[in-house]
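Engineer: What follows is data-v3.txt, compact mmCIF, C-alpha atoms.
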```txt
# COMPACT_ATOMS: atom_id res chain seq x y z
CA MET A 1 -21.68 100.94 -136.39
CA ASP A 2 -19.93 103.11 -133.83
CA LYS A 3 -23.29 103.90 -132.26
CA GLU A 4 -24.08 100.18 -131.95
CA VAL A 5 -20.69 99.55 -130.37
CA THR A 6 -21.24 102.39 -127.90
CA ILE A 7 -24.67 101.06 -126.91
CA TRP A 8 -23.21 97.57 -126.51
CA ASN A 9 -20.43 98.93 -124.31
CA HIS A 10 -22.99 100.71 -122.12
CA LEU A 11 -24.98 97.49 -121.78
CA LYS A 12 -21.83 95.61 -120.82
CA ASP A 13 -20.99 98.26 -118.21
CA LEU A 14 -24.56 98.13 -116.89
CA ARG A 15 -24.41 94.35 -116.63
CA SER A 16 -21.11 94.64 -114.78
CA LEU A 17 -22.68 97.18 -112.42
CA VAL A 18 -25.64 94.88 -111.67
CA ILE A 19 -23.30 91.94 -111.05
CA LYS A 20 -21.12 93.96 -108.67
CA ILE A 21 -24.14 95.25 -106.72
CA PHE A 22 -25.63 91.77 -106.48
CA SER A 23 -22.26 90.32 -105.40
CA VAL A 24 -21.64 92.85 -102.64
CA LEU A 25 -25.20 92.45 -101.33
CA THR A 26 -24.82 88.67 -101.34
CA ILE A 27 -21.56 88.92 -99.39
CA GLY A 28 -23.25 91.31 -96.98
CA VAL A 29 -26.17 88.96 -96.43
CA VAL A 30 -23.84 86.00 -95.83
CA ILE A 31 -21.82 87.96 -93.25
CA ALA A 32 -25.04 89.18 -91.61
CA LEU A 33 -26.27 85.58 -91.38
CA ILE A 34 -23.03 84.58 -89.65
CA PHE A 35 -23.62 87.25 -87.00
CA ASN A 36 -27.40 86.84 -87.19
CA GLN A 37 -28.13 86.34 -83.52
CA GLN A 38 -26.06 89.35 -82.48
CA LEU A 39 -27.91 91.47 -85.03
CA ILE A 40 -31.28 90.18 -83.83
CA ASN A 41 -30.38 91.13 -80.27
CA PHE A 42 -29.31 94.55 -81.51
CA TYR A 43 -32.61 95.19 -83.31
CA LEU A 44 -34.74 93.86 -80.44
CA GLU A 45 -32.97 95.84 -77.71
CA PRO A 46 -35.19 98.95 -78.00
CA LEU A 47 -38.33 96.81 -77.82
CA SER A 48 -37.05 94.86 -74.83
CA SER A 49 -36.14 98.09 -73.04
CA ALA A 50 -39.55 99.61 -73.74
CA THR A 51 -41.71 96.62 -72.87
CA GLY A 52 -39.50 94.60 -70.54
CA ALA A 53 -40.73 91.58 -72.47
CA ASN A 54 -38.87 88.69 -74.02
CA VAL A 55 -38.40 88.13 -77.73
CA PRO A 56 -41.71 88.85 -79.56
CA PRO A 57 -43.51 85.84 -81.06
CA HIS A 58 -43.77 84.56 -84.61
CA THR A 59 -47.14 83.93 -86.20
CA ASN A 60 -46.32 81.04 -88.54
CA PRO A 61 -43.80 78.15 -88.84
CA LEU A 62 -41.79 79.98 -91.50
CA GLY A 63 -41.55 83.06 -89.28
CA PRO A 64 -38.19 82.33 -87.61
CA MET A 65 -36.41 81.61 -90.90
CA LEU A 66 -37.95 84.60 -92.68
CA PHE A 67 -37.11 86.84 -89.73
CA ARG A 68 -33.45 85.82 -89.84
CA MET A 69 -33.34 86.55 -93.57
CA GLN A 70 -35.13 89.87 -93.08
CA VAL A 71 -32.61 90.98 -90.47
CA ALA A 72 -29.73 89.90 -92.72
CA VAL A 73 -31.08 91.66 -95.83
CA ILE A 74 -31.89 94.92 -94.02
CA THR A 75 -28.47 94.99 -92.38
CA ALA A 76 -26.66 94.10 -95.60
CA PHE A 77 -28.45 96.86 -97.51
CA ILE A 78 -27.67 99.50 -94.85
CA VAL A 79 -24.01 98.51 -94.56
CA CYS A 80 -23.42 97.96 -98.28
CA PHE A 81 -25.29 101.02 -99.49
CA PRO A 82 -22.17 103.27 -99.55
CA VAL A 83 -20.35 100.66 -101.64
CA ILE A 84 -23.33 100.42 -104.00
CA VAL A 85 -23.33 104.19 -104.46
CA ILE A 86 -19.60 104.08 -105.23
CA PHE A 87 -20.26 101.47 -107.92
CA ILE A 88 -23.02 103.64 -109.40
CA TRP A 89 -20.73 106.66 -109.25
CA GLN A 90 -18.02 104.77 -111.14
CA TYR A 91 -20.61 103.88 -113.76
CA ILE A 92 -21.95 107.39 -114.38
CA SER A 93 -18.85 109.53 -113.68
CA PRO A 94 -17.23 109.02 -117.13
CA ALA A 95 -20.27 110.71 -118.70
CA LEU A 96 -19.97 113.75 -116.42
CA ARG A 97 -17.84 116.82 -116.87
CA ASP A 98 -15.19 117.78 -114.31
CA LYS A 99 -17.39 120.57 -112.92
CA GLU A 100 -20.29 118.16 -112.45
CA ARG A 101 -18.05 115.64 -110.66
CA ARG A 102 -16.83 118.30 -108.25
CA PHE A 103 -20.42 119.36 -107.67
CA ILE A 104 -21.92 115.90 -107.04
CA GLY A 105 -19.10 114.53 -104.89
CA PRO A 106 -19.78 116.72 -101.82
CA TYR A 107 -23.49 115.97 -102.13
CA ILE A 108 -22.88 112.23 -101.96
CA LEU A 109 -20.63 112.64 -98.92
CA SER A 110 -23.19 114.91 -97.24
CA PHE A 111 -25.94 112.38 -97.91
CA PHE A 112 -23.96 109.60 -96.23
CA VAL A 113 -23.07 111.72 -93.20
CA LEU A 114 -26.65 112.94 -92.69
CA ALA A 115 -28.12 109.48 -93.31
CA SER A 116 -25.73 107.98 -90.73
CA ILE A 117 -26.66 110.63 -88.18
CA GLY A 118 -30.33 109.96 -88.89
CA LEU A 119 -29.96 106.20 -88.37
CA VAL A 120 -28.06 106.66 -85.11
CA TYR A 121 -30.63 109.16 -83.86
CA ALA A 122 -33.48 106.86 -84.87
CA TYR A 123 -32.07 103.82 -83.07
CA PHE A 124 -30.87 105.41 -79.84
CA MET A 125 -33.46 108.17 -79.39
CA LEU A 126 -36.48 108.00 -81.65
CA LEU A 127 -37.21 104.28 -81.60
CA PRO A 128 -37.10 103.58 -77.83
CA GLN A 129 -38.93 106.79 -76.90
CA SER A 130 -41.65 106.15 -79.48
CA LEU A 131 -42.17 102.58 -78.27
CA GLU A 132 -42.38 103.64 -74.63
CA PHE A 133 -44.84 106.42 -75.44
CA LEU A 134 -47.09 104.22 -77.57
CA ILE A 135 -47.06 101.30 -75.13
CA MET A 136 -47.96 103.68 -72.30
CA TYR A 137 -51.33 104.24 -74.00
CA VAL A 138 -52.39 100.59 -73.90
CA PRO A 139 -55.77 100.65 -72.08
CA GLU A 140 -55.97 99.04 -68.64
CA GLY A 141 -57.24 95.51 -68.81
CA THR A 142 -55.77 94.93 -72.27
CA ASN A 143 -52.39 93.85 -73.52
CA ILE A 144 -50.36 94.45 -76.66
CA LEU A 145 -48.85 91.66 -78.75
CA ILE A 146 -46.08 92.84 -81.05
CA THR A 147 -44.92 90.20 -83.51
CA VAL A 148 -41.44 90.24 -85.00
CA ASP A 149 -42.85 90.96 -88.47
CA GLU A 150 -44.73 94.03 -87.27
CA TYR A 151 -41.75 95.18 -85.26
CA MET A 152 -39.33 94.95 -88.19
CA LYS A 153 -41.79 96.86 -90.38
CA PHE A 154 -41.96 99.51 -87.66
CA ILE A 155 -38.15 99.71 -87.46
CA SER A 156 -37.82 99.92 -91.25
CA MET A 157 -40.30 102.79 -91.44
CA ILE A 158 -38.58 104.66 -88.60
CA PHE A 159 -35.16 104.23 -90.24
CA LEU A 160 -36.40 105.24 -93.69
CA ALA A 161 -38.26 108.28 -92.36
CA SER A 162 -35.19 109.39 -90.40
CA VAL A 163 -32.88 109.08 -93.42
CA ILE A 164 -35.28 111.12 -95.57
CA ILE A 165 -35.89 113.77 -92.93
CA PHE A 166 -32.20 114.27 -92.20
CA GLN A 167 -31.63 115.25 -95.84
CA THR A 168 -33.34 118.60 -95.15
CA PRO A 169 -30.05 120.58 -95.24
CA ILE A 170 -29.24 119.25 -98.71
CA VAL A 171 -32.63 120.33 -100.06
CA VAL A 172 -32.48 123.80 -98.50
CA PHE A 173 -28.84 124.34 -99.44
CA THR A 174 -29.51 123.29 -103.06
CA LEU A 175 -32.48 125.64 -103.40
CA LEU A 176 -30.39 128.58 -102.22
CA ILE A 177 -26.99 127.83 -103.73
CA SER A 178 -28.51 127.12 -107.15
CA ARG A 179 -30.30 130.49 -106.94
CA LEU A 180 -33.71 128.88 -107.39
CA LEU A 181 -34.59 130.95 -104.33
CA PRO A 182 -32.91 134.17 -103.15
CA LYS A 183 -30.55 133.77 -100.21
CA ASN A 184 -32.88 135.62 -97.79
CA TYR A 185 -36.04 133.92 -99.01
CA PHE A 186 -36.65 132.00 -95.77
CA ASP A 187 -35.91 134.89 -93.40
CA ASN A 188 -39.50 136.14 -93.24
CA LYS A 189 -41.18 132.84 -93.99
CA ARG A 190 -40.12 130.73 -91.05
CA ARG A 191 -43.68 130.36 -89.77
CA GLU A 192 -44.87 128.98 -93.10
CA VAL A 193 -41.79 126.81 -93.49
CA TYR A 194 -42.08 125.28 -90.03
CA PHE A 195 -45.78 124.65 -90.54
CA ALA A 196 -44.99 122.87 -93.82
CA ILE A 197 -42.27 120.85 -92.10
CA ILE A 198 -44.66 119.76 -89.34
CA VAL A 199 -47.27 118.70 -91.89
CA PHE A 200 -44.66 116.77 -93.87
CA LEU A 201 -43.27 115.07 -90.75
CA ALA A 202 -46.76 114.13 -89.60
CA ALA A 203 -47.39 112.56 -93.01
CA ILE A 204 -44.26 110.39 -93.09
CA THR A 205 -43.84 109.64 -89.37
CA PRO A 206 -44.96 106.02 -88.84
CA THR A 207 -46.44 106.51 -85.38
CA GLY A 208 -48.09 109.92 -85.73
CA ASP A 209 -47.90 110.64 -82.00
CA LEU A 210 -46.88 114.06 -80.71
CA LEU A 211 -43.78 112.85 -78.86
CA THR A 212 -42.28 111.21 -81.95
CA LEU A 213 -43.24 114.19 -84.07
CA GLY A 214 -41.56 116.55 -81.63
CA MET A 215 -38.42 114.42 -81.40
CA ILE A 216 -38.11 114.48 -85.18
CA PHE A 217 -38.98 118.16 -85.53
CA ILE A 218 -36.23 119.39 -83.18
CA PRO A 219 -33.24 118.00 -85.15
CA VAL A 220 -34.91 118.96 -88.45
CA ALA A 221 -35.29 122.56 -87.25
CA ILE A 222 -31.64 122.62 -86.17
CA LEU A 223 -30.52 121.20 -89.52
CA PHE A 224 -32.72 123.67 -91.38
CA GLU A 225 -31.27 126.68 -89.57
CA SER A 226 -27.73 125.34 -89.97
CA SER A 227 -28.19 124.87 -93.70
CA LEU A 228 -29.41 128.47 -93.99
CA LEU A 229 -26.27 129.72 -92.26
CA VAL A 230 -23.99 127.63 -94.48
CA ALA A 231 -25.77 128.71 -97.66
CA LYS A 232 -25.63 132.38 -96.67
CA PHE A 233 -21.91 132.01 -95.97
CA PHE A 234 -21.30 130.74 -99.50
CA LEU A 235 -23.58 133.46 -100.93
CA ARG A 236 -22.31 136.28 -98.73
CA ASN A 237 -21.08 138.27 -101.73
CA VAL A 238 -24.24 137.68 -103.77
CA LYS A 239 -26.82 140.43 -103.96
CA ASN A 240 -30.19 139.42 -102.55
CA GLU A 241 -33.01 139.07 -105.08
CA GLN A 242 -35.93 138.90 -102.68
CA ASP A 243 -37.91 141.55 -104.54
CA GLU A 244 -38.06 139.43 -107.68
CA PHE A 245 -40.02 136.75 -105.84
CA ARG A 246 -42.71 139.01 -104.41
```
Please express the file's structure as C-alpha cells.
Structural biologist:
Amino acid sequence: MDKEVTIWNHLKDLRSLVIKIFSVLTIGVVIALIFNQQLINFYLEPLSSATGANVPPHTNPLGPMLFRMQVAVITAFIVCFPVIVIFIWQYISPALRDKERRFIGPYILSFFVLASIGLVYAYFMLLPQSLEFLIMYVPEGTNILITVDEYMKFISMIFLASVIIFQTPIVVFTLLISRLLPKNYFDNKRREVYFAIIVFLAAITPTGDLLTLGMIFIPVAILFESSLLVAKFFLRNVKNEQDEFR
C-alpha cells in the first residue's frame, strides 16, 4: 500500500511539473506575441545587415502567422528555459543526497552561463559573419532568395550548435575532476584533441564553411584550455596517473 501511495505521489508531482512547465511556456509565448514585431526585427537584423535587403518573403498564405508563432515559441523557450530547469530541479532534488545537490548545482549554473555566452556570440558574431561569407559566394548573374522559414531554421541551428559547443569546459572538467582521465591526460594529446574538435565542429556546424568553422573553433579552443587550467587547479594535490592509461 505504501508503495502504491509513493508511486501516486510521484505521478502527482510529475503532473504538477508538466503543468508548471506548460504554464510558464504559455505565459512566455503570450508575452513574446505582445512584443512580436520587436522580436522579429531583432531576429532579422543580422540578415538585413548581411544582405542589405528588406524582410525576406513568405512562401504561402499561412507563412506570416506561422512565422509570428515560430518567433514567439523560440523566444519563449530560450527565455523560460532557466525557469523550466528550476522546476525540474525542484522535482528531482528531494531524491538526491546533500553531496549530489552540491555537486549538480554548480554544473547547472555553469551550463546557463556558458549557454548564454554561446547565444550572445552566435547572434553578434557568428550569425552575421556566416551570412556575409555565404552570400559573398553567390555566383555572378544569379541571386539568392532566403525565405523566413529557411532563415529561422538557420538561426535555430546556429543557436543550438553554439549552446552545445560552449559546453566544452563542462565536459573536459568532468572527465578530469571525476578521475575518468588523469589530470595531465591532454598535455601531450593536444594535436589529436584539436583534430577531433575540428571534425566534431564541422559535423554540427550548419554552414560548413571555413570562416564559420574558424569562428567557432577559436572560442572552443580558449574554453578548452581554460577548463584544463581550472581542473588542474582543483587537482593540484592529486598525483598524476598518466602511466595507467598508456
Engineer: Within 8 Å of segment 55-65 of chain A, counting only C-alpha atoms, which residues qualify if same-chain residues fewer than 3 places away don't, as a VMD selection string?
Structural biologist: chain A and resid 44 48 68 to 69 145 to 149
Engineer: Using all atoms listed in the file, which protein or nucleic acid residues come within 12 Å of Ile117 of chain A? Drop anything in the same chain fewer than 3 positions from it, and give the result as a list of chain:residue names.
Structural biologist: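 Once the adjacent positions are removed, what remains is A:Ser110, A:Phe111, A:Phe112, A:Val113, A:Leu114, A:Val120, A:Tyr121, A:Ala122, A:Tyr123, A:Phe124, A:Met125, A:Phe159, A:Ser162, A:Val163, A:Ile164, A:Ile165, A:Phe166, A:Gln167, A:Pro219, A:Val220, A:Leu223.
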Engineer: With only C-alpha atoms counted, which protein, DNA or RNA residues have an atom no more than 9 Å from (-34.1, 88.3, -88.8) in the file frame? Please answer as a PDB file with C-alpha atoms, in the frame of the given file.
Structural biologist:
```
ATOM      1  CA  LEU A  33     -26.270  85.580 -91.380  1.00  0.00           C
ATOM      2  CA  ASN A  36     -27.400  86.840 -87.190  1.00  0.00           C
ATOM      3  CA  GLN A  37     -28.130  86.340 -83.520  1.00  0.00           C
ATOM      4  CA  LEU A  39     -27.910  91.470 -85.030  1.00  0.00           C
ATOM      5  CA  ILE A  40     -31.280  90.180 -83.830  1.00  0.00           C
ATOM      6  CA  TYR A  43     -32.610  95.190 -83.310  1.00  0.00           C
ATOM      7  CA  PRO A  64     -38.190  82.330 -87.610  1.00  0.00           C
ATOM      8  CA  MET A  65     -36.410  81.610 -90.900  1.00  0.00           C
ATOM      9  CA  LEU A  66     -37.950  84.600 -92.680  1.00  0.00           C
ATOM     10  CA  PHE A  67     -37.110  86.840 -89.730  1.00  0.00           C
ATOM     11  CA  ARG A  68     -33.450  85.820 -89.840  1.00  0.00           C
ATOM     12  CA  MET A  69     -33.340  86.550 -93.570  1.00  0.00           C
ATOM     13  CA  GLN A  70     -35.130  89.870 -93.080  1.00  0.00           C
ATOM     14  CA  VAL A  71     -32.610  90.980 -90.470  1.00  0.00           C
ATOM     15  CA  ALA A  72     -29.730  89.900 -92.720  1.00  0.00           C
ATOM     16  CA  VAL A  73     -31.080  91.660 -95.830  1.00  0.00           C
ATOM     17  CA  ILE A  74     -31.890  94.920 -94.020  1.00  0.00           C
ATOM     18  CA  VAL A 148     -41.440  90.240 -85.000  1.00  0.00           C
ATOM     19  CA  MET A 152     -39.330  94.950 -88.190  1.00  0.00           C
TER      20      MET A 152
END
```
Engineer: Quick one: distance from atom CA of Ser130 of chain A to atom CA of Tyr151 of chain A in Å, one decimal?
Structural biologist: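 So the two atoms, atom CA of Ser130 of chain A and atom CA of Tyr151 of chain A, lie 12.4 Å apart.
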Engineer: Which is closest to Leu11 of chain A among A:Tyr91, A:Gly118, A:Leu126, A:Tyr137, if we use all atoms listed in the file?
Structural biologist: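 With all atoms listed in the file as the atom set, the closest residue is A:Tyr91.
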Engineer: Between A:Leu181, A:Ala221, A:Ala50, A:Leu213, which has the minimum distance to Leu131 of chain A (counting all atoms listed in the file)?
Structural biologist: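 Among the listed residues, A:Ala50 lies closest to Leu131 of chain A.
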Engineer: Atom CA of Glu225 of chain A and atom CA of Asn188 of chain A are how many Å apart?
Structural biologist: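 Between atom CA of Glu225 of chain A and atom CA of Asn188 of chain A the gap works out to 13.1 Å.
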Engineer: Could the centre and edge lengths of an axis-aligned box, enclosing all atoms of segment 195-205 of chain A in the file with 6 Å extra on each side, be given in Å to one decimal as JSON?
Structural biologist:
```
{"center_x": -44.8, "center_y": 117.1, "center_z": -91.6, "size_x": 17.1, "size_y": 27.0, "size_z": 16.5}
```
Engineer: Expressed in Å to a single decimal, how great is the separation between atom CA of Gln129 of chain A and atom CA of Thr75 of chain A?
Structural biologist: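 About the pair atom CA of Gln129 of chain A and atom CA of Thr75 of chain A: they are 22.1 Å apart.
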Engineer: Within 6 Å of Gly28 of chain A, counting all atoms listed in the file, which residues show up once you throw out same-chain ones fewer than 3 positions away? Write them as a list in words, please.
Structural biologist: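 That gives Leu25, Ile31 and Ala76 of chain A.
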Engineer: Near Ile92 of chain A, within 12 Å and counting all atoms listed in the file, which residues show up once chain neighbours fewer than 6 positions away are dropped, as an NGL selection string?
Structural biologist: :A and (10 or 13-14 or 17 or 85-86 or 100-101 or 104)
Engineer: Write a file of the just-selected residues containing C-alpha atoms, as a CSV table (one decimal), in the coordinates of the input.
Structural biologist:
```
chain,number,residue,atom,x,y,z
A,10,HIS,CA,-23.0,100.7,-122.1
A,13,ASP,CA,-21.0,98.3,-118.2
A,14,LEU,CA,-24.6,98.1,-116.9
A,17,LEU,CA,-22.7,97.2,-112.4
A,85,VAL,CA,-23.3,104.2,-104.5
A,86,ILE,CA,-19.6,104.1,-105.2
A,100,GLU,CA,-20.3,118.2,-112.4
A,101,ARG,CA,-18.0,115.6,-110.7
A,104,ILE,CA,-21.9,115.9,-107.0
```
Engineer: So which one's closest to Tyr194 of chain A, A:Val83, A:Leu211, A:Leu229, A:Ile222? Using only C-alpha atoms, please.
Structural biologist: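 When distances to Tyr194 of chain A are compared using only C-alpha atoms, the smallest one comes from A:Ile222.
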Engineer: Could you pull segment 135-226 of chain A out of the structure I just pasted and write it to a file containing C-alpha atoms, as a PDB file, in the first residue's frame?
Structural biologist:
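Okay, part.pdb is ready:
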```pdb
ATOM      1  CA  ILE A 135      26.208  35.398 -49.581  1.00  0.00           C
ATOM      2  CA  MET A 136      29.565  36.542 -50.962  1.00  0.00           C
ATOM      3  CA  TYR A 137      29.781  33.224 -52.836  1.00  0.00           C
ATOM      4  CA  VAL A 138      26.574  33.729 -54.819  1.00  0.00           C
ATOM      5  CA  PRO A 139      27.671  33.360 -58.476  1.00  0.00           C
ATOM      6  CA  GLU A 140      27.517  36.437 -60.697  1.00  0.00           C
ATOM      7  CA  GLY A 141      24.332  36.579 -62.694  1.00  0.00           C
ATOM      8  CA  THR A 142      22.341  34.754 -60.031  1.00  0.00           C
ATOM      9  CA  ASN A 143      20.518  35.856 -56.919  1.00  0.00           C
ATOM     10  CA  ILE A 144      19.676  34.258 -53.594  1.00  0.00           C
ATOM     11  CA  LEU A 145      16.160  34.147 -52.159  1.00  0.00           C
ATOM     12  CA  ILE A 146      16.080  33.465 -48.430  1.00  0.00           C
ATOM     13  CA  THR A 147      12.599  32.829 -47.066  1.00  0.00           C
ATOM     14  CA  VAL A 148      11.713  33.483 -43.451  1.00  0.00           C
ATOM     15  CA  ASP A 149      11.197  29.757 -42.815  1.00  0.00           C
ATOM     16  CA  GLU A 150      14.671  28.883 -44.071  1.00  0.00           C
ATOM     17  CA  TYR A 151      16.190  31.780 -42.176  1.00  0.00           C
ATOM     18  CA  MET A 152      14.608  30.785 -38.855  1.00  0.00           C
ATOM     19  CA  LYS A 153      15.797  27.206 -39.353  1.00  0.00           C
ATOM     20  CA  PHE A 154      19.280  28.571 -39.998  1.00  0.00           C
ATOM     21  CA  ILE A 155      19.146  30.713 -36.839  1.00  0.00           C
ATOM     22  CA  SER A 156      17.861  27.805 -34.747  1.00  0.00           C
ATOM     23  CA  MET A 157      20.687  25.544 -35.923  1.00  0.00           C
ATOM     24  CA  ILE A 158      23.302  28.232 -35.260  1.00  0.00           C
ATOM     25  CA  PHE A 159      21.934  28.870 -31.756  1.00  0.00           C
ATOM     26  CA  LEU A 160      21.680  25.168 -30.906  1.00  0.00           C
ATOM     27  CA  ALA A 161      25.172  24.412 -32.217  1.00  0.00           C
ATOM     28  CA  SER A 162      26.622  27.321 -30.229  1.00  0.00           C
ATOM     29  CA  VAL A 163      24.950  26.224 -26.982  1.00  0.00           C
ATOM     30  CA  ILE A 164      26.258  22.669 -27.418  1.00  0.00           C
ATOM     31  CA  ILE A 165      29.763  23.746 -28.391  1.00  0.00           C
ATOM     32  CA  PHE A 166      30.116  26.163 -25.497  1.00  0.00           C
ATOM     33  CA  GLN A 167      29.573  23.288 -23.048  1.00  0.00           C
ATOM     34  CA  THR A 168      33.092  22.019 -23.844  1.00  0.00           C
ATOM     35  CA  PRO A 169      34.535  23.172 -20.476  1.00  0.00           C
ATOM     36  CA  ILE A 170      31.915  21.181 -18.572  1.00  0.00           C
ATOM     37  CA  VAL A 171      32.752  18.002 -20.483  1.00  0.00           C
ATOM     38  CA  VAL A 172      36.519  18.395 -20.085  1.00  0.00           C
ATOM     39  CA  PHE A 173      36.280  19.437 -16.435  1.00  0.00           C
ATOM     40  CA  THR A 174      34.013  16.469 -15.627  1.00  0.00           C
ATOM     41  CA  LEU A 175      36.350  13.967 -17.290  1.00  0.00           C
ATOM     42  CA  LEU A 176      39.283  15.237 -15.246  1.00  0.00           C
ATOM     43  CA  ILE A 177      37.667  16.055 -11.904  1.00  0.00           C
ATOM     44  CA  SER A 178      35.873  12.694 -11.798  1.00  0.00           C
ATOM     45  CA  ARG A 179      39.234  10.987 -12.435  1.00  0.00           C
ATOM     46  CA  LEU A 180      37.939   9.242 -15.547  1.00  0.00           C
ATOM     47  CA  LEU A 181      41.094  10.663 -17.111  1.00  0.00           C
ATOM     48  CA  PRO A 182      44.327  11.641 -15.330  1.00  0.00           C
ATOM     49  CA  LYS A 183      44.836  15.357 -14.825  1.00  0.00           C
ATOM     50  CA  ASN A 184      47.692  15.558 -17.372  1.00  0.00           C
ATOM     51  CA  TYR A 185      45.998  13.347 -19.949  1.00  0.00           C
ATOM     52  CA  PHE A 186      45.519  16.140 -22.507  1.00  0.00           C
ATOM     53  CA  ASP A 187      49.002  17.645 -22.162  1.00  0.00           C
ATOM     54  CA  ASN A 188      50.587  15.522 -24.886  1.00  0.00           C
ATOM     55  CA  LYS A 189      47.439  14.908 -26.891  1.00  0.00           C
ATOM     56  CA  ARG A 190      46.507  18.405 -27.966  1.00  0.00           C
ATOM     57  CA  ARG A 191      47.023  17.624 -31.653  1.00  0.00           C
ATOM     58  CA  GLU A 192      44.607  14.693 -31.505  1.00  0.00           C
ATOM     59  CA  VAL A 193      42.145  16.617 -29.362  1.00  0.00           C
ATOM     60  CA  TYR A 194      42.085  19.646 -31.643  1.00  0.00           C
ATOM     61  CA  PHE A 195      41.692  17.427 -34.682  1.00  0.00           C
ATOM     62  CA  ALA A 196      38.730  15.702 -33.013  1.00  0.00           C
ATOM     63  CA  ILE A 197      37.244  19.086 -32.106  1.00  0.00           C
ATOM     64  CA  ILE A 198      37.540  20.311 -35.701  1.00  0.00           C
ATOM     65  CA  VAL A 199      35.864  17.159 -37.017  1.00  0.00           C
ATOM     66  CA  PHE A 200      33.074  17.494 -34.454  1.00  0.00           C
ATOM     67  CA  LEU A 201      32.553  21.191 -35.223  1.00  0.00           C
ATOM     68  CA  ALA A 202      32.484  20.502 -38.953  1.00  0.00           C
ATOM     69  CA  ALA A 203      29.812  17.857 -38.353  1.00  0.00           C
ATOM     70  CA  ILE A 204      27.458  20.049 -36.307  1.00  0.00           C
ATOM     71  CA  THR A 205      28.138  23.456 -37.894  1.00  0.00           C
ATOM     72  CA  PRO A 206      25.127  24.262 -40.113  1.00  0.00           C
ATOM     73  CA  THR A 207      27.042  26.111 -42.820  1.00  0.00           C
ATOM     74  CA  GLY A 208      30.214  24.025 -43.059  1.00  0.00           C
ATOM     75  CA  ASP A 209      32.273  26.921 -44.421  1.00  0.00           C
ATOM     76  CA  LEU A 210      35.799  27.578 -43.191  1.00  0.00           C
ATOM     77  CA  LEU A 211      35.068  31.046 -41.794  1.00  0.00           C
ATOM     78  CA  THR A 212      32.232  29.817 -39.571  1.00  0.00           C
ATOM     79  CA  LEU A 213      34.273  26.794 -38.538  1.00  0.00           C
ATOM     80  CA  GLY A 214      37.190  29.012 -37.593  1.00  0.00           C
ATOM     81  CA  MET A 215      34.994  31.449 -35.672  1.00  0.00           C
ATOM     82  CA  ILE A 216      33.585  28.565 -33.646  1.00  0.00           C
ATOM     83  CA  PHE A 217      36.928  26.823 -33.160  1.00  0.00           C
ATOM     84  CA  ILE A 218      38.665  29.845 -31.591  1.00  0.00           C
ATOM     85  CA  PRO A 219      36.331  30.241 -28.567  1.00  0.00           C
ATOM     86  CA  VAL A 220      36.129  26.448 -28.159  1.00  0.00           C
ATOM     87  CA  ALA A 221      39.932  26.234 -28.015  1.00  0.00           C
ATOM     88  CA  ILE A 222      40.024  29.038 -25.432  1.00  0.00           C
ATOM     89  CA  LEU A 223      37.327  27.339 -23.349  1.00  0.00           C
ATOM     90  CA  PHE A 224      39.126  24.002 -23.626  1.00  0.00           C
ATOM     91  CA  GLU A 225      42.431  25.410 -22.388  1.00  0.00           C
ATOM     92  CA  SER A 226      40.676  27.343 -19.614  1.00  0.00           C
TER      93      SER A 226
END
```
